[in-house]
>>> print(open('model_21.txt').read())   # compact mmCIF, C-alpha atoms and all ligand atoms
# COMPACT_ATOMS: atom_id res chain seq x y z
CA MET R 1 21.37 -5.54 -4.94
CA ALA R 2 17.85 -6.19 -6.18
CA ALA R 3 17.54 -9.76 -5.06
CA SER R 4 16.95 -9.24 -1.37
CA ALA R 5 14.55 -6.29 -0.96
CA ARG R 6 11.75 -7.59 1.28
CA LEU R 7 9.90 -4.60 2.60
CA VAL R 8 6.62 -3.59 4.21
CA LEU R 9 5.18 -0.10 3.76
CA LEU R 10 2.97 0.92 6.63
CA GLY R 11 0.92 4.09 6.91
CA PRO R 12 -2.57 5.57 6.78
CA PRO R 13 -4.60 5.91 3.57
CA GLY R 14 -2.97 8.53 1.37
CA ALA R 15 0.40 8.40 3.15
CA GLY R 16 2.05 7.69 -0.19
CA LYS R 17 2.63 3.94 0.23
CA GLY R 18 1.64 3.09 -3.34
CA THR R 19 3.66 5.97 -4.78
CA GLN R 20 6.81 4.97 -2.90
CA ALA R 21 6.21 1.24 -3.57
CA GLN R 22 6.22 1.96 -7.32
CA LEU R 23 9.53 3.83 -6.93
CA LEU R 24 11.04 1.04 -4.83
CA GLU R 25 9.97 -1.46 -7.46
CA GLN R 26 11.98 0.51 -10.03
CA GLU R 27 14.93 0.96 -7.65
CA PHE R 28 15.34 -2.63 -6.47
CA GLY R 29 13.50 -4.67 -9.11
CA ALA R 30 11.33 -6.00 -6.29
CA VAL R 31 7.67 -6.64 -7.07
CA GLN R 32 5.03 -4.34 -5.55
CA ILE R 33 2.28 -6.34 -3.89
CA SER R 34 -0.67 -4.05 -3.22
CA THR R 35 -3.56 -5.85 -1.59
CA GLY R 36 -5.79 -2.88 -2.45
CA ASP R 37 -4.89 -3.18 -6.17
CA ILE R 38 -5.43 -6.95 -6.13
CA LEU R 39 -8.84 -6.52 -4.49
CA ARG R 40 -9.93 -3.68 -6.81
CA LYS R 41 -9.02 -5.79 -9.85
CA ALA R 42 -10.96 -8.74 -8.42
CA VAL R 43 -13.99 -6.48 -7.92
CA ALA R 44 -13.71 -5.12 -11.48
CA ASP R 45 -13.37 -8.65 -12.90
CA GLN R 46 -16.24 -9.88 -10.69
CA THR R 47 -14.26 -12.90 -9.50
CA PRO R 48 -15.42 -14.84 -6.40
CA LEU R 49 -12.84 -12.85 -4.36
CA GLY R 50 -14.17 -9.61 -5.84
CA LYS R 51 -17.77 -10.51 -5.00
CA GLN R 52 -16.71 -11.26 -1.44
CA ALA R 53 -14.59 -8.11 -1.05
CA GLY R 54 -16.62 -5.49 -2.94
CA ASP R 55 -18.84 -4.38 -0.11
CA TYR R 56 -15.90 -3.99 2.32
CA LEU R 57 -14.02 -1.79 -0.13
CA LYS R 58 -17.07 0.36 -0.77
CA ARG R 59 -17.46 0.99 2.98
CA GLY R 60 -13.74 1.47 3.64
CA ALA R 61 -13.81 -1.53 6.00
CA LEU R 62 -11.17 -4.24 6.10
CA VAL R 63 -11.71 -7.47 4.18
CA PRO R 64 -11.65 -10.42 6.66
CA ASP R 65 -8.18 -11.49 7.76
CA ASP R 66 -8.45 -15.12 6.57
CA VAL R 67 -9.25 -14.00 3.00
CA ILE R 68 -6.28 -11.62 2.85
CA ILE R 69 -3.85 -13.96 4.59
CA ASN R 70 -4.60 -16.79 2.10
CA LEU R 71 -4.20 -14.36 -0.77
CA ILE R 72 -0.77 -13.19 0.45
CA ALA R 73 0.40 -16.71 1.31
CA GLU R 74 -0.24 -17.71 -2.32
CA ARG R 75 1.15 -14.50 -3.80
CA LEU R 76 4.47 -14.74 -1.94
CA GLN R 77 5.08 -18.18 -3.40
CA GLN R 78 4.91 -16.94 -6.98
CA ASN R 79 8.18 -16.90 -8.91
CA ASP R 80 8.45 -13.12 -9.34
CA CYS R 81 8.74 -12.69 -5.54
CA ALA R 82 12.19 -14.30 -5.70
CA LYS R 83 13.39 -10.86 -6.91
CA GLY R 84 12.15 -9.36 -3.64
CA PHE R 85 8.84 -7.71 -2.78
CA VAL R 86 7.34 -4.53 -1.39
CA LEU R 87 4.17 -5.19 0.58
CA ASP R 88 1.84 -2.20 0.19
CA GLY R 89 -1.30 -2.36 2.32
CA PHE R 90 -0.48 -5.64 4.06
CA PRO R 91 -0.33 -6.41 6.93
CA ARG R 92 -3.10 -4.25 8.33
CA THR R 93 -4.04 -6.02 11.55
CA ILE R 94 -2.07 -7.80 14.26
CA PRO R 95 -3.36 -11.24 13.12
CA GLN R 96 -2.20 -10.41 9.56
CA ALA R 97 1.26 -9.42 10.86
CA GLU R 98 1.52 -12.61 12.94
CA SER R 99 0.51 -14.68 9.91
CA LEU R 100 3.10 -12.91 7.76
CA ASP R 101 5.77 -13.93 10.28
CA VAL R 102 4.64 -17.55 9.93
CA ILE R 103 4.45 -17.42 6.11
CA LEU R 104 7.95 -15.93 5.82
CA LYS R 105 9.38 -18.44 8.28
CA LYS R 106 8.00 -21.29 6.16
CA LEU R 107 9.66 -19.72 3.10
CA ALA R 108 12.91 -19.26 5.08
CA LEU R 109 12.72 -15.50 4.49
CA SER R 110 12.71 -12.43 6.70
CA LEU R 111 11.85 -8.76 6.19
CA ASN R 112 14.67 -6.28 5.61
CA CYS R 113 12.62 -3.45 6.98
CA VAL R 114 9.16 -2.08 7.78
CA LEU R 115 8.85 1.54 6.71
CA SER R 116 6.21 3.51 8.58
CA VAL R 117 5.22 6.65 6.66
CA GLN R 118 3.28 9.17 8.73
CA VAL R 119 1.32 12.20 7.53
CA PRO R 120 -1.23 14.40 9.32
CA ARG R 121 -4.92 14.11 8.58
CA GLU R 122 -5.28 17.35 6.60
CA VAL R 123 -2.55 16.22 4.18
CA ILE R 124 -4.23 12.82 3.78
CA ILE R 125 -7.55 14.39 2.80
CA GLU R 126 -5.85 16.69 0.27
CA ARG R 127 -3.95 13.80 -1.29
CA LEU R 128 -6.89 11.41 -1.51
CA ALA R 129 -9.31 14.00 -2.87
CA GLY R 130 -7.00 14.71 -5.83
CA ARG R 131 -5.67 11.22 -6.48
CA ARG R 132 -6.09 9.71 -9.93
CA THR R 133 -5.15 6.20 -11.08
CA CYS R 134 -4.54 5.19 -14.68
CA LYS R 135 -7.11 2.61 -15.80
CA LYS R 136 -4.58 1.10 -18.20
CA CYS R 137 -1.16 1.03 -16.48
CA GLY R 138 -2.06 1.71 -12.82
CA ALA R 139 0.24 4.75 -12.53
CA LEU R 140 -0.68 7.12 -9.70
CA SER R 141 -0.96 10.86 -10.14
CA HIS R 142 -2.58 13.85 -8.44
CA VAL R 143 -4.51 16.73 -9.93
CA VAL R 144 -2.48 19.30 -7.94
CA PHE R 145 0.75 17.61 -6.82
CA GLU R 146 1.45 15.55 -9.94
CA PRO R 147 -0.68 17.08 -12.69
CA GLN R 148 -0.63 15.31 -16.05
CA ARG R 149 0.02 17.20 -19.28
CA GLN R 150 -3.58 16.66 -20.40
CA PRO R 151 -6.19 16.50 -17.61
CA GLY R 152 -7.72 13.03 -17.30
CA VAL R 153 -5.04 11.36 -19.45
CA CYS R 154 -2.04 9.40 -18.14
CA ASP R 155 1.34 10.92 -19.12
CA ARG R 156 2.95 7.49 -19.08
CA CYS R 157 0.63 5.52 -21.38
CA GLY R 158 -2.20 7.76 -22.53
CA GLY R 159 -4.75 5.74 -20.54
CA GLU R 160 -7.84 7.19 -18.89
CA LEU R 161 -7.41 8.53 -15.34
CA LEU R 162 -10.00 7.45 -12.79
CA GLN R 163 -10.92 8.49 -9.27
CA ARG R 164 -11.24 5.63 -6.78
CA ASP R 165 -14.73 4.90 -5.43
CA ASP R 166 -13.44 4.88 -1.84
CA ASP R 167 -11.89 8.36 -2.15
CA ARG R 168 -15.23 10.01 -1.29
CA GLU R 169 -15.28 12.09 1.90
CA GLU R 170 -17.42 9.79 4.08
CA THR R 171 -15.50 6.66 3.04
CA ILE R 172 -12.16 8.38 3.68
CA ALA R 173 -13.33 9.19 7.23
CA ASN R 174 -14.18 5.54 7.82
CA ARG R 175 -10.87 4.34 6.39
CA LEU R 176 -9.01 6.65 8.79
CA THR R 177 -11.01 5.37 11.77
CA VAL R 178 -10.26 1.79 10.72
CA TYR R 179 -6.58 2.65 10.34
CA ASP R 180 -6.37 4.13 13.87
CA ALA R 181 -8.17 1.19 15.45
CA GLN R 182 -6.71 -1.77 13.56
CA THR R 183 -3.53 -0.82 11.70
CA ALA R 184 -1.77 1.81 13.84
CA PRO R 185 -0.93 -0.83 16.53
CA LEU R 186 1.37 -2.46 13.97
CA VAL R 187 3.86 0.38 14.46
CA ASP R 188 4.56 -0.87 17.99
CA TYR R 189 4.43 -4.49 16.84
CA TYR R 190 7.29 -3.91 14.39
CA ARG R 191 9.13 -1.52 16.70
CA ARG R 192 9.31 -4.37 19.24
CA GLN R 193 10.69 -6.64 16.52
CA GLY R 194 13.41 -4.07 15.76
CA ALA R 195 12.33 -3.94 12.12
CA LEU R 196 10.80 -0.45 12.05
CA ARG R 197 12.08 2.70 10.37
CA GLU R 198 9.86 5.79 10.72
CA ILE R 199 9.59 8.38 7.97
CA ASP R 200 8.00 11.81 7.93
CA GLY R 201 5.69 11.59 4.89
CA VAL R 202 5.20 15.35 4.47
CA GLY R 203 7.09 16.86 1.56
CA SER R 204 7.41 16.25 -2.16
CA ILE R 205 7.39 12.74 -3.62
CA GLY R 206 11.12 13.17 -4.30
CA ASP R 207 11.77 14.27 -0.68
CA ILE R 208 10.02 11.19 0.67
CA ARG R 209 11.84 8.93 -1.77
CA ALA R 210 15.17 10.33 -0.52
CA ARG R 211 14.11 9.72 3.11
CA VAL R 212 13.08 6.16 2.24
CA MET R 213 16.43 5.46 0.59
CA THR R 214 18.30 6.92 3.59
CA ALA R 215 16.22 4.82 5.98
CA LEU R 216 16.99 1.70 3.93
CA GLY R 217 20.73 2.45 3.83
CA GLY R 218 22.60 -0.79 4.49
CA LEU R 219 19.41 -2.81 5.06
CA VAL R 220 18.90 -3.92 1.46
CA SER R 221 21.99 -5.37 -0.15
P1 LIG R 301 -5.54 0.31 -0.23
O1 LIG R 301 -5.62 0.37 -1.70
O2 LIG R 301 -4.37 -0.37 0.39
O3 LIG R 301 -5.71 1.79 0.31
P2 LIG R 301 -5.06 2.57 1.55
O4 LIG R 301 -4.19 1.83 2.48
O5 LIG R 301 -6.21 3.26 2.15
O6 LIG R 301 -3.99 3.44 0.91
P3 LIG R 301 -4.15 4.32 -0.33
O7 LIG R 301 -3.95 3.49 -1.56
O8 LIG R 301 -5.42 5.13 -0.24
O9 LIG R 301 -2.98 5.39 -0.13
P4 LIG R 301 -1.41 5.29 -0.34
O10 LIG R 301 -0.75 5.39 0.99
O11 LIG R 301 -1.02 4.14 -1.20
O12 LIG R 301 -1.19 6.68 -1.09
P5 LIG R 301 -0.85 6.95 -2.62
O13 LIG R 301 0.57 6.59 -2.89
O14 LIG R 301 -1.90 6.40 -3.50
O15 LIG R 301 -6.84 -0.42 0.37
C1 LIG R 301 -8.13 -0.14 -0.11
C2 LIG R 301 -9.15 -1.05 0.57
O16 LIG R 301 -8.84 -2.44 0.27
C3 LIG R 301 -9.20 -0.99 2.10
O17 LIG R 301 -10.01 0.05 2.56
C4 LIG R 301 -9.76 -2.38 2.44
O18 LIG R 301 -11.15 -2.43 2.21
C5 LIG R 301 -9.09 -3.29 1.41
N1 LIG R 301 -7.81 -3.84 1.86
C6 LIG R 301 -6.58 -3.59 1.31
N2 LIG R 301 -5.63 -4.26 1.97
C7 LIG R 301 -6.25 -4.93 2.96
C8 LIG R 301 -5.78 -5.76 4.01
N3 LIG R 301 -4.46 -6.04 4.15
N4 LIG R 301 -6.68 -6.28 4.87
C9 LIG R 301 -8.00 -6.02 4.73
N5 LIG R 301 -8.52 -5.23 3.78
C10 LIG R 301 -7.64 -4.68 2.90
O19 LIG R 301 -0.93 8.56 -2.61
C11 LIG R 301 -2.18 9.21 -2.53
C12 LIG R 301 -2.19 10.43 -3.49
O20 LIG R 301 -1.22 11.38 -3.03
C13 LIG R 301 -1.79 10.11 -4.93
O21 LIG R 301 -2.56 10.91 -5.78
C14 LIG R 301 -0.30 10.50 -5.03
O22 LIG R 301 0.03 10.94 -6.33
C15 LIG R 301 -0.24 11.64 -4.03
N6 LIG R 301 1.04 11.70 -3.30
C16 LIG R 301 1.75 10.64 -2.81
N7 LIG R 301 2.86 11.08 -2.18
C17 LIG R 301 2.82 12.45 -2.25
C18 LIG R 301 3.68 13.49 -1.77
N8 LIG R 301 4.78 13.22 -1.08
N9 LIG R 301 3.32 14.79 -2.03
C19 LIG R 301 2.18 15.06 -2.73
N10 LIG R 301 1.34 14.13 -3.21
C20 LIG R 301 1.65 12.84 -2.97
>>> encode(input="model_21.txt", output="structure tokens")
Amino acid sequence: MAASARLVLLGPPGAGKGTQAQLLEQEFGAVQISTGDILRKAVADQTPLGKQAGDYLKRGALVPDDVIINLIAERLQQNDCAKGFVLDGFPRTIPQAESLDVILKKLALSLNCVLSVQVPREVIIERLAGRRTCKKCGALSHVVFEPQRQPGVCDRCGGELLQRDDDREETIANRLTVYDAQTAPLVDYYRRQGALREIDGVGSIGDIRARVMTALGGLVS
């Protein structure tokens, strides 16, 4: 079953893409590819990519398409992607989606499904304001919706929990504007391709997981 999960998770900041991608990784053995995580690590490590991307992340703006497309083209050729992949945060613009079509065609692959997870703005703000990420293992949690046994400490590995720099109010507002202008059109793009499944992202993490699995029924085998 695991070998052929090739999925895209689409949705605004805070929709729960990363949370569901981590669950799908466990379910199907497919590798989660989060462009946001890759970029944040590059910034932390001060690599050339990180130096180029840092200012965009800080502002909540999109990193230029050519940078991201090259990154994904390389990433999808790595051996672990043979187990399948869950793209989390890519594509984010029409040129990125068109490039993904070309990259997959060259690899003789196609997507099983694009899952669009939608949540209203007030829920997004609530989720982002309370989000915490483990510095050590990358696990996601939330101070209200997924509280850890000891505040500030990851239940899974005991690592320190951090708040993302771009989860400040003014940056969140910019990320939402960018999403509406540049990423929301991808819903129609994939609907036209017949690849889209739409999911109501309001509810518990378990509720959304169940909806995701229902939406994927028969598509990943
Ligand atoms: P990225 O890291 O991709 O951020 P994002 O798309 O804004 O999405 P988030 O990670 O904020 O939210 P999510 O949907 O994953 O929600 P999560 O599961 O964490 O990108 C960051 C930046 O990198 C961009 O601004 C841009 O600069 C750059 N970048 C990245 N990709 C790029 C690209 N392709 N092109 C150009 N630039 C790019 O959940 C949020 C919180 O809610 C968590 O605390 C979680 O525990 C909680 N939660 C989740 N689900 C539920 C639920 N059902 N109920 C209650 N709480 C929940």
>>> closest_atom_pairs(input="model_21.txt", of="chain R", to="ligand LIG 301 (chain R)", cutoff="7 Å", atoms="only C-alpha atoms and all ligand atoms", output="tab-separated table")
residue	atom	partner	partner_atom	distance
R:Gly11	CA	R:LIG301	O10	6.3
R:Pro12	CA	R:LIG301	O4	5.9
R:Pro13	CA	R:LIG301	O5	3.4
R:Gly14	CA	R:LIG301	O9	3.5
R:Ala15	CA	R:LIG301	O10	3.9
R:Gly16	CA	R:LIG301	O13	3.3
R:Lys17	CA	R:LIG301	O10	3.8
R:Gly18	CA	R:LIG301	O11	3.6
R:Thr19	CA	R:LIG301	O13	3.7
R:Gln20	CA	R:LIG301	O13	6.4
R:Ser34	CA	R:LIG301	O2	6.3
R:Thr35	CA	R:LIG301	N2	4.4
R:Gly36	CA	R:LIG301	O1	3.3
R:Asp37	CA	R:LIG301	O1	5.8
R:Leu39	CA	R:LIG301	O16	6.3
R:Tyr56	CA	R:LIG301	O18	5.0
R:Leu57	CA	R:LIG301	O18	3.8
R:Gly60	CA	R:LIG301	O17	4.1
R:Ala61	CA	R:LIG301	O18	4.7
R:Leu62	CA	R:LIG301	N5	3.7
R:Val63	CA	R:LIG301	N5	3.9
R:Pro64	CA	R:LIG301	C9	6.0
R:Asp65	CA	R:LIG301	N4	6.1
R:Ile68	CA	R:LIG301	N4	5.7
R:Asp88	CA	R:LIG301	O2	6.5
R:Gly89	CA	R:LIG301	O2	4.1
R:Phe90	CA	R:LIG301	N3	4.0
R:Pro91	CA	R:LIG301	N3	5.0
R:Arg92	CA	R:LIG301	N3	4.7
R:Arg127	CA	R:LIG301	O20	4.0
R:Leu128	CA	R:LIG301	C12	5.2
R:Gly130	CA	R:LIG301	O21	5.8
R:Arg131	CA	R:LIG301	O21	3.2
R:Arg132	CA	R:LIG301	O21	5.6
R:Leu140	CA	R:LIG301	O22	5.1
R:Ser141	CA	R:LIG301	O22	3.9
R:His142	CA	R:LIG301	O21	4.0
R:Phe145	CA	R:LIG301	C19	5.0
R:Glu146	CA	R:LIG301	O22	6.0
R:Arg175	CA	R:LIG301	O17	5.8
R:Gly201	CA	R:LIG301	N8	6.3
R:Val202	CA	R:LIG301	N8	6.0
R:Gly203	CA	R:LIG301	N8	5.1
R:Ser204	CA	R:LIG301	N8	4.2
R:Ile205	CA	R:LIG301	N8	3.7
R:Ile208	CA	R:LIG301	N8	5.9
>>> atom_distance(input="model_21.txt", atom1="atom CA of Leu109 of chain R", atom2="atom CA of Arg40 of chain R")
27.9 Å
>>> atom_distance(input="model_21.txt", atom1="atom CA of Ser110 of chain R", atom2="atom CA of Ile72 of chain R")
14.9 Å
>>> closest_residue(input="model_21.txt", among="R:Thr171, R:Gln182, R:Gln22, R:Thr177", to="Leu87 of chain R", atoms="only C-alpha atoms")
R:Gln22
>>> atom_distance(input="model_21.txt", atom1="atom CA of Glu25 of chain R", atom2="atom CA of Lys83 of chain R")
10.0 Å
>>> closest_residue(input="model_21.txt", among="R:Arg156, R:Arg197, R:Lys58, R:Lys51", to="Cys113 of chain R", atoms="all atoms listed in the file")
R:Arg197
>>> closest_residue(input="model_21.txt", among="R:Ala5, R:Leu196, R:Leu161, R:Asp45", to="Leu115 of chain R", atoms="only C-alpha atoms")
R:Leu196
>>> closest_atom_pairs(input="model_21.txt", of="segment 58-177 of chain R", to="segment 189-192 of chain R", cutoff="12 Å", atoms="only C-alpha atoms", output="tab-separated table")
residue	atom	partner	partner_atom	distance
R:Pro91	CA	R:Tyr190	CA	11.0
R:Arg92	CA	R:Tyr189	CA	11.4
R:Thr93	CA	R:Tyr189	CA	10.1
R:Ile94	CA	R:Tyr189	CA	7.7
R:Pro95	CA	R:Tyr189	CA	11.0
R:Gln96	CA	R:Tyr189	CA	11.5
R:Ala97	CA	R:Tyr189	CA	8.4
R:Glu98	CA	R:Tyr189	CA	9.5
R:Leu100	CA	R:Tyr190	CA	11.9
R:Asp101	CA	R:Tyr190	CA	10.9
R:Leu111	CA	R:Tyr190	CA	10.6
R:Asn112	CA	R:Tyr190	CA	11.7
R:Cys113	CA	R:Tyr190	CA	9.1
R:Val114	CA	R:Tyr190	CA	7.1
R:Leu115	CA	R:Tyr190	CA	9.5
R:Ser116	CA	R:Tyr190	CA	9.5
>>> closest_residue(input="model_21.txt", among="R:Ala42, R:Val102, R:Leu10, R:Val144", to="Pro185 of chain R", atoms="all atoms listed in the file")
R:Leu10
>>> closest_residue(input="model_21.txt", among="R:Asp80, R:Glu122, R:Asp55, R:Asp155", to="Leu176 of chain R", atoms="all atoms listed in the file")
R:Glu122
>>> axis_aligned_box(input="model_21.txt", around="segment 31-36 of chain R", padding_each_side="3 Å", output="lines of an AutoDock Vina configuration file")
center_x = 0.9
center_y = -4.8
center_z = -4.3
size_x = 19.5
size_y = 9.8
size_z = 11.5
>>> closest_residue(input="model_21.txt", among="R:Gly29, R:Gly194, R:Ile199, R:Val86", to="Ala215 of chain R", atoms="only C-alpha atoms")
R:Ile199
>>> residues_around(input="model_21.txt", residues="Asn79 of chain R", least_positions_apart="6", cutoff="12 Å", atoms="all atoms listed in the file", output="PyMOL selection string")
chain R and resi 30-31+85
>>> decode(input="model_21.txt", residues="segment 174-198 of chain R", atoms="N, CA, C and O atoms", output="PDB file, in the first residue's frame")
ATOM      1  N   ASN R 174       0.006  38.968   6.564  1.00  0.00           N
ATOM      2  CA  ASN R 174       0.638  39.004   5.241  1.00  0.00           C
ATOM      3  C   ASN R 174       0.613  37.628   4.580  1.00  0.00           C
ATOM      4  O   ASN R 174       0.356  37.494   3.383  1.00  0.00           O
ATOM      5  N   ARG R 175       0.852  36.593   5.363  1.00  0.00           N
ATOM      6  CA  ARG R 175       0.833  35.231   4.795  1.00  0.00           C
ATOM      7  C   ARG R 175      -0.554  34.898   4.249  1.00  0.00           C
ATOM      8  O   ARG R 175      -0.682  34.241   3.213  1.00  0.00           O
ATOM      9  N   LEU R 176      -1.604  35.362   4.934  1.00  0.00           N
ATOM     10  CA  LEU R 176      -2.969  35.091   4.454  1.00  0.00           C
ATOM     11  C   LEU R 176      -3.265  35.854   3.163  1.00  0.00           C
ATOM     12  O   LEU R 176      -3.904  35.325   2.255  1.00  0.00           O
ATOM     13  N   THR R 177      -2.769  37.093   3.083  1.00  0.00           N
ATOM     14  CA  THR R 177      -2.957  37.872   1.851  1.00  0.00           C
ATOM     15  C   THR R 177      -2.243  37.193   0.684  1.00  0.00           C
ATOM     16  O   THR R 177      -2.789  37.071  -0.421  1.00  0.00           O
ATOM     17  N   VAL R 178      -1.017  36.739   0.951  1.00  0.00           N
ATOM     18  CA  VAL R 178      -0.237  36.046  -0.082  1.00  0.00           C
ATOM     19  C   VAL R 178      -0.952  34.764  -0.507  1.00  0.00           C
ATOM     20  O   VAL R 178      -1.042  34.439  -1.694  1.00  0.00           O
ATOM     21  N   TYR R 179      -1.504  34.060   0.461  1.00  0.00           N
ATOM     22  CA  TYR R 179      -2.221  32.817   0.140  1.00  0.00           C
ATOM     23  C   TYR R 179      -3.395  33.124  -0.809  1.00  0.00           C
ATOM     24  O   TYR R 179      -3.557  32.468  -1.843  1.00  0.00           O
ATOM     25  N   ASP R 180      -4.207  34.123  -0.450  1.00  0.00           N
ATOM     26  CA  ASP R 180      -5.385  34.434  -1.276  1.00  0.00           C
ATOM     27  C   ASP R 180      -4.978  34.806  -2.696  1.00  0.00           C
ATOM     28  O   ASP R 180      -5.606  34.392  -3.668  1.00  0.00           O
ATOM     29  N   ALA R 181      -3.913  35.603  -2.806  1.00  0.00           N
ATOM     30  CA  ALA R 181      -3.518  36.115  -4.127  1.00  0.00           C
ATOM     31  C   ALA R 181      -2.817  35.052  -4.973  1.00  0.00           C
ATOM     32  O   ALA R 181      -3.061  34.943  -6.172  1.00  0.00           O
ATOM     33  N   GLN R 182      -1.934  34.261  -4.347  1.00  0.00           N
ATOM     34  CA  GLN R 182      -1.042  33.425  -5.162  1.00  0.00           C
ATOM     35  C   GLN R 182      -1.304  31.924  -5.065  1.00  0.00           C
ATOM     36  O   GLN R 182      -1.006  31.193  -6.008  1.00  0.00           O
ATOM     37  N   THR R 183      -1.849  31.468  -3.946  1.00  0.00           N
ATOM     38  CA  THR R 183      -1.998  30.013  -3.774  1.00  0.00           C
ATOM     39  C   THR R 183      -3.437  29.540  -3.983  1.00  0.00           C
ATOM     40  O   THR R 183      -3.653  28.463  -4.557  1.00  0.00           O
ATOM     41  N   ALA R 184      -4.422  30.343  -3.552  1.00  0.00           N
ATOM     42  CA  ALA R 184      -5.819  29.911  -3.692  1.00  0.00           C
ATOM     43  C   ALA R 184      -6.180  29.527  -5.139  1.00  0.00           C
ATOM     44  O   ALA R 184      -6.950  28.568  -5.338  1.00  0.00           O
ATOM     45  N   PRO R 185      -5.623  30.202  -6.163  1.00  0.00           N
ATOM     46  CA  PRO R 185      -5.965  29.798  -7.551  1.00  0.00           C
ATOM     47  C   PRO R 185      -5.599  28.347  -7.892  1.00  0.00           C
ATOM     48  O   PRO R 185      -6.106  27.783  -8.860  1.00  0.00           O
ATOM     49  N   LEU R 186      -4.745  27.737  -7.067  1.00  0.00           N
ATOM     50  CA  LEU R 186      -4.368  26.338  -7.341  1.00  0.00           C
ATOM     51  C   LEU R 186      -5.540  25.380  -7.125  1.00  0.00           C
ATOM     52  O   LEU R 186      -5.555  24.276  -7.686  1.00  0.00           O
ATOM     53  N   VAL R 187      -6.516  25.800  -6.320  1.00  0.00           N
ATOM     54  CA  VAL R 187      -7.683  24.932  -6.106  1.00  0.00           C
ATOM     55  C   VAL R 187      -8.371  24.674  -7.454  1.00  0.00           C
ATOM     56  O   VAL R 187      -8.660  23.535  -7.826  1.00  0.00           O
ATOM     57  N   ASP R 188      -8.586  25.730  -8.215  1.00  0.00           N
ATOM     58  CA  ASP R 188      -9.211  25.577  -9.543  1.00  0.00           C
ATOM     59  C   ASP R 188      -8.293  24.843 -10.512  1.00  0.00           C
ATOM     60  O   ASP R 188      -8.754  24.057 -11.331  1.00  0.00           O
ATOM     61  N   TYR R 189      -6.995  25.126 -10.398  1.00  0.00           N
ATOM     62  CA  TYR R 189      -6.020  24.475 -11.280  1.00  0.00           C
ATOM     63  C   TYR R 189      -6.146  22.950 -11.148  1.00  0.00           C
ATOM     64  O   TYR R 189      -6.236  22.221 -12.138  1.00  0.00           O
ATOM     65  N   TYR R 190      -6.179  22.464  -9.895  1.00  0.00           N
ATOM     66  CA  TYR R 190      -6.239  21.017  -9.689  1.00  0.00           C
ATOM     67  C   TYR R 190      -7.652  20.468  -9.878  1.00  0.00           C
ATOM     68  O   TYR R 190      -7.826  19.307 -10.236  1.00  0.00           O
ATOM     69  N   ARG R 191      -8.655  21.332  -9.650  1.00  0.00           N
ATOM     70  CA  ARG R 191     -10.025  20.867  -9.917  1.00  0.00           C
ATOM     71  C   ARG R 191     -10.160  20.569 -11.412  1.00  0.00           C
ATOM     72  O   ARG R 191     -10.717  19.538 -11.805  1.00  0.00           O
ATOM     73  N   ARG R 192      -9.594  21.454 -12.231  1.00  0.00           N
ATOM     74  CA  ARG R 192      -9.653  21.232 -13.692  1.00  0.00           C
ATOM     75  C   ARG R 192      -8.919  19.959 -14.097  1.00  0.00           C
ATOM     76  O   ARG R 192      -9.297  19.300 -15.049  1.00  0.00           O
ATOM     77  N   GLN R 193      -7.867  19.629 -13.352  1.00  0.00           N
ATOM     78  CA  GLN R 193      -7.125  18.393 -13.667  1.00  0.00           C
ATOM     79  C   GLN R 193      -7.845  17.145 -13.164  1.00  0.00           C
ATOM     80  O   GLN R 193      -7.427  16.026 -13.434  1.00  0.00           O
ATOM     81  N   GLY R 194      -8.888  17.327 -12.372  1.00  0.00           N
ATOM     82  CA  GLY R 194      -9.631  16.185 -11.811  1.00  0.00           C
ATOM     83  C   GLY R 194      -8.922  15.531 -10.639  1.00  0.00           C
ATOM     84  O   GLY R 194      -9.269  14.421 -10.238  1.00  0.00           O
ATOM     85  N   ALA R 195      -7.923  16.218 -10.081  1.00  0.00           N
ATOM     86  CA  ALA R 195      -7.106  15.602  -9.024  1.00  0.00           C
ATOM     87  C   ALA R 195      -7.546  16.028  -7.622  1.00  0.00           C
ATOM     88  O   ALA R 195      -7.037  15.526  -6.628  1.00  0.00           O
ATOM     89  N   LEU R 196      -8.487  16.964  -7.540  1.00  0.00           N
ATOM     90  CA  LEU R 196      -8.765  17.622  -6.255  1.00  0.00           C
ATOM     91  C   LEU R 196      -9.789  16.888  -5.392  1.00  0.00           C
ATOM     92  O   LEU R 196     -10.808  16.424  -5.891  1.00  0.00           O
ATOM     93  N   ARG R 197      -9.493  16.818  -4.085  1.00  0.00           N
ATOM     94  CA  ARG R 197     -10.490  16.401  -3.094  1.00  0.00           C
ATOM     95  C   ARG R 197     -10.520  17.497  -2.040  1.00  0.00           C
ATOM     96  O   ARG R 197      -9.465  17.881  -1.521  1.00  0.00           O
ATOM     97  N   GLU R 198     -11.717  18.001  -1.712  1.00  0.00           N
ATOM     98  CA  GLU R 198     -11.813  19.124  -0.773  1.00  0.00           C
ATOM     99  C   GLU R 198     -12.259  18.629   0.598  1.00  0.00           C
ATOM    100  O   GLU R 198     -13.168  17.801   0.697  1.00  0.00           O
TER     101      GLU R 198
END
